[in-house]
>>> print(open('input03.pdb').read())   # PDB, C-alpha atoms and all ligand atoms
ATOM      1  CA  MET A   1      29.097   9.761 -33.872
ATOM      2  CA  ALA A   2      29.134   6.148 -32.757
ATOM      3  CA  LYS A   3      25.895   4.190 -32.759
ATOM      4  CA  CYS A   4      24.345   2.174 -29.945
ATOM      5  CA  SER A   5      25.405  -1.487 -30.208
ATOM      6  CA  LYS A   6      21.875  -2.543 -29.193
ATOM      7  CA  CYS A   7      19.510  -0.307 -31.186
ATOM      8  CA  GLY A   8      21.585   1.762 -33.639
ATOM      9  CA  SER A   9      20.557   5.168 -32.263
ATOM     10  CA  LYS A  10      23.055   7.829 -31.118
ATOM     11  CA  ALA A  11      25.460   6.446 -28.489
ATOM     12  CA  VAL A  12      26.285   8.494 -25.368
ATOM     13  CA  ILE A  13      29.035   6.276 -23.997
ATOM     14  CA  LYS A  14      31.647   3.797 -25.094
ATOM     15  CA  ILE A  15      32.306   0.934 -22.696
ATOM     16  CA  PRO A  16      35.728  -0.376 -23.739
ATOM     17  CA  TYR A  17      35.911  -3.487 -21.522
ATOM     18  CA  ALA A  18      32.477  -4.629 -22.755
ATOM     19  CA  ARG A  19      33.251  -3.512 -26.347
ATOM     20  CA  MET A  20      29.966  -1.645 -26.596
ATOM     21  CA  ASN A  21      28.596   1.794 -27.410
ATOM     22  CA  LEU A  22      25.271   2.548 -25.778
ATOM     23  CA  CYS A  23      22.471   5.106 -26.217
ATOM     24  CA  GLU A  24      20.861   6.784 -23.175
ATOM     25  CA  LYS A  25      18.133   4.175 -22.770
ATOM     26  CA  HIS A  26      20.403   1.169 -23.116
ATOM     27  CA  PHE A  27      23.097   2.713 -20.921
ATOM     28  CA  ILE A  28      20.595   3.242 -18.085
ATOM     29  CA  GLU A  29      19.535  -0.400 -18.457
ATOM     30  CA  TYR A  30      23.175  -1.485 -18.532
ATOM     31  CA  PHE A  31      24.181   0.532 -15.441
ATOM     32  CA  GLU A  32      21.222  -0.552 -13.322
ATOM     33  CA  GLY A  33      21.617  -4.140 -14.541
ATOM     34  CA  ARG A  34      25.252  -4.096 -13.512
ATOM     35  CA  VAL A  35      24.374  -2.874 -10.008
ATOM     36  CA  ALA A  36      21.691  -5.597  -9.710
ATOM     37  CA  ALA A  37      24.165  -8.222 -10.957
ATOM     38  CA  THR A  38      26.800  -7.069  -8.428
ATOM     39  CA  ILE A  39      24.246  -7.381  -5.618
ATOM     40  CA  GLU A  40      23.408 -10.909  -6.702
ATOM     41  CA  LYS A  41      26.918 -12.087  -7.566
ATOM     42  CA  TYR A  42      28.490 -11.070  -4.243
ATOM     43  CA  GLY A  43      25.370 -11.660  -2.123
ATOM     44  CA  LEU A  44      25.248  -8.036  -0.951
ATOM     45  CA  LEU A  45      21.521  -7.928  -0.244
ATOM     46  CA  ARG A  46      18.745 -10.491  -0.051
ATOM     47  CA  GLU A  47      15.193 -10.112  -1.286
ATOM     48  CA  GLY A  48      13.013  -8.134   1.131
ATOM     49  CA  GLU A  49      15.902  -6.528   3.026
ATOM     50  CA  SER A  50      16.206  -2.877   4.058
ATOM     51  CA  VAL A  51      19.274  -0.869   3.101
ATOM     52  CA  LEU A  52      20.541   2.432   4.440
ATOM     53  CA  VAL A  53      22.023   4.438   1.572
ATOM     54  CA  ALA A  54      24.662   7.036   2.406
ATOM     55  CA  VAL A  55      23.979  10.069   0.193
ATOM     56  CA  SER A  56      26.502  12.884   0.197
ATOM     57  CA  GLY A  57      25.044  14.583  -2.897
ATOM     58  CA  GLY A  58      28.111  13.814  -5.051
ATOM     59  CA  LYS A  59      27.598  12.055  -8.396
ATOM     60  CA  ASP A  60      28.547   8.624  -7.041
ATOM     61  CA  SER A  61      26.098   8.540  -4.149
ATOM     62  CA  VAL A  62      23.370  10.049  -6.358
ATOM     63  CA  ALA A  63      24.031   7.292  -8.925
ATOM     64  CA  LEU A  64      23.876   4.683  -6.168
ATOM     65  CA  LEU A  65      20.601   5.976  -4.759
ATOM     66  CA  SER A  66      19.026   6.230  -8.205
ATOM     67  CA  ALA A  67      20.111   2.738  -9.300
ATOM     68  CA  LEU A  68      19.011   1.124  -6.022
ATOM     69  CA  THR A  69      15.663   2.926  -6.196
ATOM     70  CA  ALA A  70      15.183   1.649  -9.756
ATOM     71  CA  ILE A  71      15.921  -1.991  -8.912
ATOM     72  CA  ALA A  72      14.275  -1.978  -5.464
ATOM     73  CA  PRO A  73      10.820  -3.196  -6.579
ATOM     74  CA  GLU A  74      12.231  -6.282  -8.289
ATOM     75  CA  LEU A  75      14.293  -7.268  -5.262
ATOM     76  CA  ARG A  76      11.664  -5.955  -2.810
ATOM     77  CA  LEU A  77      14.299  -3.774  -1.166
ATOM     78  CA  LYS A  78      13.417  -1.019   1.259
ATOM     79  CA  ILE A  79      15.629   1.999   0.550
ATOM     80  CA  ILE A  80      16.432   4.356   3.436
ATOM     81  CA  PRO A  81      18.627   7.292   2.346
ATOM     82  CA  LEU A  82      20.624   9.225   4.953
ATOM     83  CA  HIS A  83      22.490  12.474   4.416
ATOM     84  CA  ILE A  84      24.872  13.859   7.040
ATOM     85  CA  HIS A  85      25.263  17.643   7.043
ATOM     86  CA  LEU A  86      28.933  17.901   8.010
ATOM     87  CA  GLY A  87      29.078  21.666   8.585
ATOM     88  CA  LEU A  88      31.671  22.278   5.861
ATOM     89  CA  GLY A  89      30.381  25.746   4.912
ATOM     90  CA  GLU A  90      28.915  26.369   1.467
ATOM     91  CA  TYR A  91      29.919  22.897   0.288
ATOM     92  CA  SER A  92      27.685  21.258   2.913
ATOM     93  CA  ASP A  93      24.812  23.668   2.241
ATOM     94  CA  GLU A  94      24.980  22.956  -1.491
ATOM     95  CA  SER A  95      25.138  19.207  -0.771
ATOM     96  CA  LEU A  96      21.997  19.427   1.353
ATOM     97  CA  SER A  97      19.995  21.257  -1.309
ATOM     98  CA  VAL A  98      21.125  18.743  -3.964
ATOM     99  CA  VAL A  99      20.107  15.822  -1.741
ATOM    100  CA  LYS A 100      16.673  17.391  -1.197
ATOM    101  CA  GLU A 101      16.201  17.843  -4.953
ATOM    102  CA  VAL A 102      17.398  14.312  -5.760
ATOM    103  CA  SER A 103      15.070  12.895  -3.085
ATOM    104  CA  ARG A 104      12.134  14.802  -4.551
ATOM    105  CA  LYS A 105      12.927  13.613  -8.091
ATOM    106  CA  LEU A 106      13.347   9.977  -7.034
ATOM    107  CA  GLY A 107      10.382  10.079  -4.642
ATOM    108  CA  VAL A 108      12.394   8.801  -1.668
ATOM    109  CA  ASN A 109      12.090   9.726   1.990
ATOM    110  CA  THR A 110      15.543  10.910   3.027
ATOM    111  CA  TYR A 111      16.772  11.358   6.598
ATOM    112  CA  ILE A 112      19.023  14.340   7.269
ATOM    113  CA  LEU A 113      21.332  14.397  10.264
ATOM    114  CA  ASN A 114      22.847  17.777  11.089
ATOM    115  CA  LEU A 115      26.137  17.044  12.830
ATOM    116  CA  GLU A 116      26.358  20.389  14.601
ATOM    117  CA  GLU A 117      22.858  19.977  16.029
ATOM    118  CA  ALA A 118      23.399  16.337  16.998
ATOM    119  CA  VAL A 119      26.887  16.616  18.466
ATOM    120  CA  GLY A 120      27.366  20.297  19.249
ATOM    121  CA  ALA A 121      30.254  20.701  16.785
ATOM    122  CA  ALA A 122      30.806  20.198  13.066
ATOM    123  CA  ILE A 123      33.872  18.776  11.254
ATOM    124  CA  PRO A 124      36.032  21.968  11.238
ATOM    125  CA  GLU A 125      35.727  22.409  15.007
ATOM    126  CA  LEU A 126      36.195  18.700  15.778
ATOM    127  CA  SER A 127      39.278  18.704  13.571
ATOM    128  CA  ALA A 128      40.823  21.919  14.905
ATOM    129  CA  LYS A 129      40.265  21.088  18.569
ATOM    130  CA  SER A 130      41.504  17.508  18.271
ATOM    131  CA  ASN A 131      44.493  18.446  16.109
ATOM    132  CA  ARG A 132      43.583  15.763  13.614
ATOM    133  CA  PRO A 133      43.234  16.197   9.821
ATOM    134  CA  PRO A 134      39.650  17.050   8.753
ATOM    135  CA  CYS A 135      39.350  14.010   6.476
ATOM    136  CA  ALA A 136      40.395  11.605   9.253
ATOM    137  CA  VAL A 137      37.784  13.125  11.580
ATOM    138  CA  CYS A 138      35.176  13.206   8.817
ATOM    139  CA  GLY A 139      35.740   9.526   7.941
ATOM    140  CA  LEU A 140      35.448   8.512  11.585
ATOM    141  CA  VAL A 141      32.243  10.542  12.074
ATOM    142  CA  LYS A 142      30.599   9.226   8.906
ATOM    143  CA  ARG A 143      31.425   5.578   9.678
ATOM    144  CA  TYR A 144      30.101   6.005  13.210
ATOM    145  CA  VAL A 145      26.848   7.753  12.232
ATOM    146  CA  LEU A 146      26.058   5.294   9.424
ATOM    147  CA  ASN A 147      26.545   2.291  11.667
ATOM    148  CA  ALA A 148      24.649   3.896  14.564
ATOM    149  CA  ALA A 149      21.721   4.768  12.254
ATOM    150  CA  ALA A 150      21.569   1.237  10.845
ATOM    151  CA  ILE A 151      21.564  -0.229  14.352
ATOM    152  CA  GLU A 152      18.975   2.224  15.706
ATOM    153  CA  TRP A 153      16.652   1.687  12.756
ATOM    154  CA  GLY A 154      17.146  -2.059  12.530
ATOM    155  CA  VAL A 155      18.357  -1.819   8.925
ATOM    156  CA  ASP A 156      19.938  -4.900   7.298
ATOM    157  CA  ALA A 157      22.888  -3.209   5.545
ATOM    158  CA  VAL A 158      24.608   0.100   4.828
ATOM    159  CA  ALA A 159      25.383   0.875   1.163
ATOM    160  CA  THR A 160      28.040   3.377   0.135
ATOM    161  CA  GLY A 161      28.807   4.816  -3.301
ATOM    162  CA  HIS A 162      32.394   3.587  -3.669
ATOM    163  CA  HIS A 163      33.071   2.615  -7.269
ATOM    164  CA  ILE A 164      35.987   0.793  -8.844
ATOM    165  CA  ASP A 165      37.982   4.019  -9.365
ATOM    166  CA  ASP A 166      37.828   4.738  -5.615
ATOM    167  CA  LEU A 167      38.552   1.193  -4.539
ATOM    168  CA  ALA A 168      41.178  -0.088  -7.000
ATOM    169  CA  PRO A 169      43.797   2.647  -6.349
ATOM    170  CA  TYR A 170      43.337   2.301  -2.602
ATOM    171  CA  ALA A 171      43.606  -1.499  -2.782
ATOM    172  CA  LEU A 172      46.758  -1.290  -4.890
ATOM    173  CA  LYS A 173      48.284   1.318  -2.578
ATOM    174  CA  ASN A 174      47.738  -0.916   0.454
ATOM    175  CA  MET A 175      49.258  -3.873  -1.356
ATOM    176  CA  LEU A 176      52.302  -1.829  -2.360
ATOM    177  CA  LEU A 177      52.699  -0.778   1.266
ATOM    178  CA  GLY A 178      52.405  -4.394   2.364
ATOM    179  CA  ASP A 179      49.089  -3.996   4.180
ATOM    180  CA  MET A 180      47.110  -6.872   2.668
ATOM    181  CA  SER A 181      44.448  -6.893   5.363
ATOM    182  CA  ALA A 182      43.608  -3.225   4.615
ATOM    183  CA  ALA A 183      43.326  -4.124   0.916
ATOM    184  CA  LEU A 184      40.997  -7.021   1.710
ATOM    185  CA  LYS A 185      38.696  -4.696   3.658
ATOM    186  CA  LEU A 186      37.817  -3.214   0.258
ATOM    187  CA  ALA A 187      35.712  -6.249  -0.623
ATOM    188  CA  PRO A 188      32.158  -5.723  -1.960
ATOM    189  CA  VAL A 189      30.702  -6.764   1.399
ATOM    190  CA  THR A 190      31.814  -6.922   5.018
ATOM    191  CA  THR A 191      29.842  -8.991   7.488
ATOM    192  CA  GLY A 192      27.930  -7.443  10.354
ATOM    193  CA  GLU A 193      26.542  -8.556  13.676
ATOM    194  CA  GLU A 194      22.941  -7.994  14.679
ATOM    195  CA  GLY A 195      22.256  -5.066  17.019
ATOM    196  CA  TYR A 196      25.863  -3.953  17.000
ATOM    197  CA  LEU A 197      27.671  -3.830  13.673
ATOM    198  CA  ALA A 198      25.908  -3.248  10.350
ATOM    199  CA  ARG A 199      26.843  -5.174   7.213
ATOM    200  CA  ARG A 200      28.498  -2.806   4.715
ATOM    201  CA  VAL A 201      27.901  -3.244   1.007
ATOM    202  CA  ARG A 202      29.331  -1.610  -2.135
ATOM    203  CA  PRO A 203      26.866  -2.046  -5.004
ATOM    204  CA  LEU A 204      28.997   0.151  -7.342
ATOM    205  CA  TYR A 205      31.962  -2.225  -6.954
ATOM    206  CA  GLU A 206      32.048  -3.006 -10.674
ATOM    207  CA  VAL A 207      31.180   0.364 -12.203
ATOM    208  CA  THR A 208      33.553   3.198 -13.037
ATOM    209  CA  GLU A 209      33.509   6.846 -12.012
ATOM    210  CA  ARG A 210      32.830   7.887 -15.613
ATOM    211  CA  GLU A 211      29.850   5.539 -15.807
ATOM    212  CA  CYS A 212      28.434   7.089 -12.593
ATOM    213  CA  LEU A 213      28.828  10.568 -14.078
ATOM    214  CA  ILE A 214      27.141   9.733 -17.413
ATOM    215  CA  TYR A 215      24.382   7.819 -15.600
ATOM    216  CA  VAL A 216      23.354  10.760 -13.382
ATOM    217  CA  ILE A 217      23.523  13.130 -16.372
ATOM    218  CA  VAL A 218      21.308  10.987 -18.601
ATOM    219  CA  LYS A 219      18.922  10.430 -15.686
ATOM    220  CA  GLY A 220      18.653  14.230 -15.362
ATOM    221  CA  LEU A 221      19.652  14.193 -11.689
ATOM    222  CA  PRO A 222      21.505  17.045  -9.971
ATOM    223  CA  PHE A 223      24.748  16.441  -8.118
ATOM    224  CA  VAL A 224      27.249  18.564  -6.206
ATOM    225  CA  ARG A 225      29.804  19.935  -8.655
ATOM    226  CA  THR A 226      32.097  21.742  -6.251
ATOM    227  CA  LEU A 227      34.756  19.896  -4.305
ATOM    228  CA  CYS A 228      34.884  19.817  -0.539
ATOM    229  CA  PRO A 229      37.414  22.471   0.580
ATOM    230  CA  ASN A 230      39.446  19.692   2.235
ATOM    231  CA  THR A 231      39.817  17.575  -0.893
ATOM    232  CA  PHE A 232      43.450  16.659  -1.471
ATOM    233  CA  LEU A 233      44.311  15.594  -5.003
ATOM    234  CA  GLY A 234      48.053  15.015  -4.721
ATOM    235  CA  GLY A 235      50.314  12.407  -3.166
ATOM    236  CA  MET A 236      50.692   8.692  -3.796
ATOM    237  CA  ASP A 237      46.916   8.154  -4.188
ATOM    238  CA  ALA A 238      46.771  10.487  -7.183
ATOM    239  CA  LEU A 239      49.790   8.828  -8.844
ATOM    240  CA  ILE A 240      48.317   5.340  -8.439
ATOM    241  CA  ARG A 241      44.955   6.541  -9.701
ATOM    242  CA  LYS A 242      46.611   8.006 -12.826
ATOM    243  CA  PHE A 243      48.630   4.827 -13.357
ATOM    244  CA  LEU A 244      45.547   2.604 -13.157
ATOM    245  CA  TYR A 245      43.606   4.930 -15.441
ATOM    246  CA  GLU A 246      46.304   4.787 -18.120
ATOM    247  CA  LEU A 247      46.787   1.044 -17.703
ATOM    248  CA  ASP A 248      43.068   0.468 -18.182
ATOM    249  CA  LEU A 249      43.043   2.629 -21.307
ATOM    250  CA  ARG A 250      45.672   0.361 -22.891
ATOM    251  CA  HIS A 251      44.318  -2.868 -21.438
ATOM    252  CA  PRO A 252      40.569  -2.380 -20.985
ATOM    253  CA  GLY A 253      39.159  -4.423 -18.111
ATOM    254  CA  VAL A 254      42.404  -4.851 -16.170
ATOM    255  CA  LYS A 255      41.077  -2.816 -13.229
ATOM    256  CA  LEU A 256      37.943  -4.925 -13.128
ATOM    257  CA  ARG A 257      39.895  -8.187 -13.160
ATOM    258  CA  PHE A 258      42.096  -6.869 -10.353
ATOM    259  CA  MET A 259      39.109  -6.028  -8.143
ATOM    260  CA  ARG A 260      37.345  -9.297  -8.953
ATOM    261  CA  SER A 261      40.373 -11.241  -7.860
ATOM    262  CA  LEU A 262      40.583  -9.147  -4.689
ATOM    263  CA  ALA A 263      36.912  -9.932  -3.954
ATOM    264  CA  LYS A 264      37.606 -13.629  -4.473
ATOM    265  CA  THR A 265      40.586 -13.557  -2.117
ATOM    266  CA  ALA A 266      38.573 -11.617   0.481
ATOM    267  CA  THR A 267      35.758 -14.194   0.310
ATOM    268  CA  GLY A 268      38.257 -17.018   0.742
ATOM    269  CA  ARG A 269      39.602 -15.264   3.806
ATOM    270  CA  SER A 270      36.283 -14.604   5.541
ATOM    271  CA  THR A 271      37.863 -15.979   8.705
ATOM    272  CA  ASP A 272      40.007 -12.803   8.751
ATOM    273  CA  GLN A 273      36.852 -10.708   9.015
ATOM    274  CA  ALA A 274      35.578 -12.969  11.794
ATOM    275  CA  ARG A 275      38.905 -12.612  13.592
ATOM    276  CA  ILE A 276      38.864  -8.803  13.298
ATOM    277  CA  GLN A 277      35.305  -8.758  14.627
ATOM    278  CA  ALA A 278      36.217 -11.071  17.466
ATOM    279  CA  GLU A 279      38.803  -8.464  18.516
ATOM    280  CA  LEU A 280      36.084  -5.822  18.792
ATOM    281  CA  THR A 281      34.393  -5.029  22.035
ATOM    282  CA  ARG A 282      31.544  -2.658  22.995
ATOM    283  CA  CYS A 283      32.232   0.993  23.764
ATOM    284  CA  LYS A 284      31.477   1.594  27.448
ATOM    285  CA  TYR A 285      29.621   4.819  26.582
ATOM    286  CA  CYS A 286      27.583   4.064  23.467
ATOM    287  CA  GLY A 287      27.661   0.255  23.231
ATOM    288  CA  LEU A 288      28.806   0.230  19.593
ATOM    289  CA  PRO A 289      31.897  -1.591  18.238
ATOM    290  CA  SER A 290      35.273  -0.539  19.520
ATOM    291  CA  ARG A 291      38.826  -1.889  19.674
ATOM    292  CA  SER A 292      39.223  -0.652  23.261
ATOM    293  CA  ASP A 293      36.802   0.247  26.050
ATOM    294  CA  VAL A 294      35.925   3.594  24.374
ATOM    295  CA  CYS A 295      35.168   3.844  20.631
ATOM    296  CA  GLY A 296      36.990   6.323  18.385
ATOM    297  CA  PHE A 297      33.956   8.596  18.082
ATOM    298  CA  CYS A 298      33.281   8.807  21.823
ATOM    299  CA  ARG A 299      36.991   9.334  22.492
ATOM    300  CA  LEU A 300      37.205  12.169  19.951
ATOM    301  CA  THR A 301      34.070  13.942  21.171
ATOM    302  CA  GLU A 302      34.968  13.472  24.834
ATOM    303  CA  ARG A 303      38.331  15.097  24.176
ATOM    304  CA  VAL A 304      36.913  17.994  22.167
ATOM    305  CA  LEU A 305      33.584  18.613  23.896
ATOM    306  CA  GLY A 306      34.169  17.286  27.386
ATOM    307  CA  SER A 307      31.693  14.401  27.119
ATOM    308  CA  PRO A 308      31.301  11.473  24.698
ATOM    309  CA  ALA A 309      28.663  12.225  22.048
ATOM    310  CA  GLY A 310      27.888   8.617  21.012
ATOM    311  CA  PRO A 311      24.835   8.139  23.282
ATOM    312  CA  ARG A 312      23.444  11.532  22.215
ATOM    313  CA  VAL A 313      23.834  10.735  18.493
ATOM    314  CA  ARG A 314      22.043   7.425  18.999
ATOM    315  CA  GLU A 315      19.214   9.254  20.773
ATOM    316  CA  VAL A 316      18.941  11.894  17.995
ATOM    317  CA  LEU A 317      18.845   9.128  15.348
ATOM    318  CA  ARG A 318      16.121   7.297  17.259
ATOM    319  CA  ARG A 319      13.889  10.383  17.039
ATOM    320  CA  LEU A 320      14.876  11.546  13.527
ATOM    321  CA  GLN A 321      12.082  11.959  10.993
ATOM    322  CA  PRO A 322      12.598  11.769   7.218
ATOM    323  CA  LEU A 323      12.169  14.859   5.027
ATOM    324  CA  HIS A 324       8.668  14.118   3.787
ATOM    325  CA  ALA A 325       7.364  13.377   7.260
ATOM    326  CA  LYS A 326       8.174  16.927   8.426
TER     327      LYS A 326
HETATM  328 FE1  LIG B 401      35.057  14.823   4.518
HETATM  329 FE2  LIG B 401      37.579  15.113   3.617
HETATM  330 FE3  LIG B 401      35.664  14.162   2.010
HETATM  331 FE4  LIG B 401      35.651  16.727   2.756
HETATM  332  S1  LIG B 401      37.201  15.729   1.488
HETATM  333  S2  LIG B 401      33.860  15.351   2.704
HETATM  334  S3  LIG B 401      36.399  16.589   4.872
HETATM  335  S4  LIG B 401      36.445  13.172   3.865
HETATM  336 ZN    ZN B 402      20.273   1.809 -27.751
HETATM  337 ZN    ZN B 403      31.199   5.045  21.778
END
>>> encode(input="input03.pdb", output="structure tokens")
Amino acid sequence: MAKCSKCGSKAVIKIPYARMNLCEKHFIEYFEGRVAATIEKYGLLREGESVLVAVSGGKDSVALLSALTAIAPELRLKIIPLHIHLGLGEYSDESLSVVKEVSRKLGVNTYILNLEEAVGAAIPELSAKSNRPPCAVCGLVKRYVLNAAAIEWGVDAVATGHHIDDLAPYALKNMLLGDMSAALKLAPVTTGEEGYLARRVRPLYEVTERECLIYVIVKGLPFVRTLCPNTFLGGMDALIRKFLYELDLRHPGVKLRFMRSLAKTATGRSTDQARIQAELTRCKYCGLPSRSDVCGFCRLTERVLGSPAGPRVREVLRRLQPLHAK
């Protein structure tokens, strides 16, 4: 068994691009240090800021919440976890119980938003009645709720658990399809606008999926092990993911260099973000960002339920209490 490059005890992980083997203790230090360094390097969060952390209960979001909680005192960050119960049957129920257990273990006060209670319909119904794929509806709902919560609670930024193995294949796919602006949206940070659009940050930008998995295991944290029933593992995404995985095995660090150069290009093109934001207007129902007079969430819910649910969701979020306060 390989030995830890720092202390000589039993290693639990090999990190090829850093040419290191690490034991549990030094891997935890390494992972949390990498998240802190990403925050500093890309200016994701400033000292004393509050950050809404999207927690689905999967290994990546659990790793994100744990790492941010660990580094919060040093950066004086206020961590506000939010879990959205999407109404996806047993998968959602299991996710909720995992999030409760993780919150208890980490000692954080998590907010839970039940979509069915807040909107009057969960993902399967919204998808079936709108004739749109569940994942498209789910993505729209999650983006809307996270932004609305950040605005209602006056939070500085929204953090999501996207790691390099989520982002790199998607970035490459968009480039291959000639959509450079979609690729550049995968930067570590997107700017926000006070009272309207929350800044979005990706503190796991430089860590891999495998590192997230080992981190939550060595931290002794639970995570949802079953896949959402709507998970689709085929198509072009899966091929690109496999290609990048194999490429990185032969040339360790190539994925990281690719995403670093993308981040650099995105920073150099910050005027693109400003231009996209300048094209946004306020939804006439809920007041949140929209490309036309009605935002995607209000349009979807108006079509399915007969009235736009944006204002109601904002009201529910305003009154929501975290787990421990109940
Ligand atoms: Fe939502 Fe699709 Fe992910 Fe399931 S697989 S949680 S429906 S985005
Ligand atoms: Zn060690
Ligand atoms: Zn709206």
>>> resolve_selection(input="input03.pdb", expression="the PyMOL selection byres (((chain A and resi 285) around 7) and not hetatm)", output="NGL selection string")
:A and (283-284 or 286-287 or 294 or 310-311)
>>> atom_distance(input="input03.pdb", atom1="atom CA of Asp237 of chain A", atom2="atom S1 of ligand LIG 401 (chain B)")
13.6 Å
>>> residues_around(input="input03.pdb", residues="segment 128-135 of chain A", least_positions_apart="2", cutoff="9 Å", atoms="all atoms listed in the file", output="JSON, numbers by chain")
{"A": [123, 124, 125, 126, 137, 138, 139, 140, 230, 231, 300, 301, 303, 304, 305]}
>>> write_last_selection(input="input03.pdb", atoms="C-alpha atoms", output="PDB file, keeping the file's coordinate frame")
ATOM      1  CA  ILE A 123      33.872  18.776  11.254  1.00  0.00           C
ATOM      2  CA  PRO A 124      36.032  21.968  11.238  1.00  0.00           C
ATOM      3  CA  GLU A 125      35.727  22.409  15.007  1.00  0.00           C
ATOM      4  CA  LEU A 126      36.195  18.700  15.778  1.00  0.00           C
ATOM      5  CA  VAL A 137      37.784  13.125  11.580  1.00  0.00           C
ATOM      6  CA  CYS A 138      35.176  13.206   8.817  1.00  0.00           C
ATOM      7  CA  GLY A 139      35.740   9.526   7.941  1.00  0.00           C
ATOM      8  CA  LEU A 140      35.448   8.512  11.585  1.00  0.00           C
ATOM      9  CA  ASN A 230      39.446  19.692   2.235  1.00  0.00           C
ATOM     10  CA  THR A 231      39.817  17.575  -0.893  1.00  0.00           C
ATOM     11  CA  LEU A 300      37.205  12.169  19.951  1.00  0.00           C
ATOM     12  CA  THR A 301      34.070  13.942  21.171  1.00  0.00           C
ATOM     13  CA  ARG A 303      38.331  15.097  24.176  1.00  0.00           C
ATOM     14  CA  VAL A 304      36.913  17.994  22.167  1.00  0.00           C
ATOM     15  CA  LEU A 305      33.584  18.613  23.896  1.00  0.00           C
TER      16      LEU A 305
END
>>> closest_residue(input="input03.pdb", among="A:Ala309, A:Ile71, A:Ile80, A:Val35", to="Thr208 of chain A", atoms="all atoms listed in the file")
A:Val35
>>> residues_around(input="input03.pdb", residues="Ala148 of chain A", least_positions_apart="5", cutoff="8 Å", atoms="all atoms listed in the file", output="list in words")
Leu288, Val313, Arg314 and Leu317 of chain A
>>> resolve_selection(input="input03.pdb", expression="the PyMOL selection byres (((not hetatm)) within 6 of (chain B and resi 402))", output="list in words")
Cys4, Lys6, Cys7, Ser9, Leu22, Cys23, Lys25 and His26 of chain A
>>> write_last_selection(input="input03.pdb", atoms="C-alpha atoms", output="mmCIF file, in the frame of the given file")
data_model
loop_
_atom_site.group_PDB
_atom_site.id
_atom_site.type_symbol
_atom_site.label_atom_id
_atom_site.label_comp_id
_atom_site.auth_asym_id
_atom_site.auth_seq_id
_atom_site.Cartn_x
_atom_site.Cartn_y
_atom_site.Cartn_z
ATOM 1 C CA CYS A 4 24.345 2.174 -29.945
ATOM 2 C CA LYS A 6 21.875 -2.543 -29.193
ATOM 3 C CA CYS A 7 19.510 -0.307 -31.186
ATOM 4 C CA SER A 9 20.557 5.168 -32.263
ATOM 5 C CA LEU A 22 25.271 2.548 -25.778
ATOM 6 C CA CYS A 23 22.471 5.106 -26.217
ATOM 7 C CA LYS A 25 18.133 4.175 -22.770
ATOM 8 C CA HIS A 26 20.403 1.169 -23.116
#
>>> residues_around(input="input03.pdb", residues="Thr281 of chain A", least_positions_apart="6", cutoff="10 Å", atoms="only C-alpha atoms", output="ChimeraX atom specification")
/A:196,287-295
>>> resolve_selection(input="input03.pdb", expression="the PyMOL selection byres (((chain A and resi 316) around 12) and not hetatm)", output="list of chain:residue names")
A:Tyr111, A:Ile112, A:Leu113, A:Asn114, A:Leu115, A:Glu116, A:Glu117, A:Ala118, A:Val119, A:Gly120, A:Val145, A:Ala148, A:Ala149, A:Glu152, A:Trp153, A:Ala309, A:Gly310, A:Pro311, A:Arg312, A:Val313, A:Arg314, A:Glu315, A:Leu317, A:Arg318, A:Arg319, A:Leu320, A:Gln321
>>> closest_residue(input="input03.pdb", among="A:Gly33, A:Gly306, A:Pro252, A:Pro203", to="Thr160 of chain A", atoms="only C-alpha atoms")
A:Pro203
>>> atom_distance(input="input03.pdb", atom1="atom CA of Leu52 of chain A", atom2="atom CA of Tyr215 of chain A")
21.1 Å
>>> axis_aligned_box(input="input03.pdb", around="ligand LIG 401 (chain B)", padding_each_side="8 Å", output="AutoDock Vina command-line options")
--center_x 35.7 --center_y 14.9 --center_z 3.2 --size_x 19.7 --size_y 19.6 --size_z 19.4
>>> atom_distance(input="input03.pdb", atom1="atom CA of Arg282 of chain A", atom2="atom CA of Arg143 of chain A")
15.7 Å
>>> residues_around(input="input03.pdb", residues="Ala36 of chain A", least_positions_apart="3", cutoff="12 Å", atoms="all atoms listed in the file", output="number ranges by chain")
A: 29-33, 39-47, 64, 67-75, 77, 202-207
>>> write_last_selection(input="input03.pdb", atoms="C-alpha atoms", output="CSV table (one decimal), keeping the file's coordinate frame")
chain,number,residue,atom,x,y,z
A,29,GLU,CA,19.5,-0.4,-18.5
A,30,TYR,CA,23.2,-1.5,-18.5
A,31,PHE,CA,24.2,0.5,-15.4
A,32,GLU,CA,21.2,-0.6,-13.3
A,33,GLY,CA,21.6,-4.1,-14.5
A,39,ILE,CA,24.2,-7.4,-5.6
A,40,GLU,CA,23.4,-10.9,-6.7
A,41,LYS,CA,26.9,-12.1,-7.6
A,42,TYR,CA,28.5,-11.1,-4.2
A,43,GLY,CA,25.4,-11.7,-2.1
A,44,LEU,CA,25.2,-8.0,-1.0
A,45,LEU,CA,21.5,-7.9,-0.2
A,46,ARG,CA,18.7,-10.5,-0.1
A,47,GLU,CA,15.2,-10.1,-1.3
A,64,LEU,CA,23.9,4.7,-6.2
A,67,ALA,CA,20.1,2.7,-9.3
A,68,LEU,CA,19.0,1.1,-6.0
A,69,THR,CA,15.7,2.9,-6.2
A,70,ALA,CA,15.2,1.6,-9.8
A,71,ILE,CA,15.9,-2.0,-8.9
A,72,ALA,CA,14.3,-2.0,-5.5
A,73,PRO,CA,10.8,-3.2,-6.6
A,74,GLU,CA,12.2,-6.3,-8.3
A,75,LEU,CA,14.3,-7.3,-5.3
A,77,LEU,CA,14.3,-3.8,-1.2
A,202,ARG,CA,29.3,-1.6,-2.1
A,203,PRO,CA,26.9,-2.0,-5.0
A,204,LEU,CA,29.0,0.2,-7.3
A,205,TYR,CA,32.0,-2.2,-7.0
A,206,GLU,CA,32.0,-3.0,-10.7
A,207,VAL,CA,31.2,0.4,-12.2
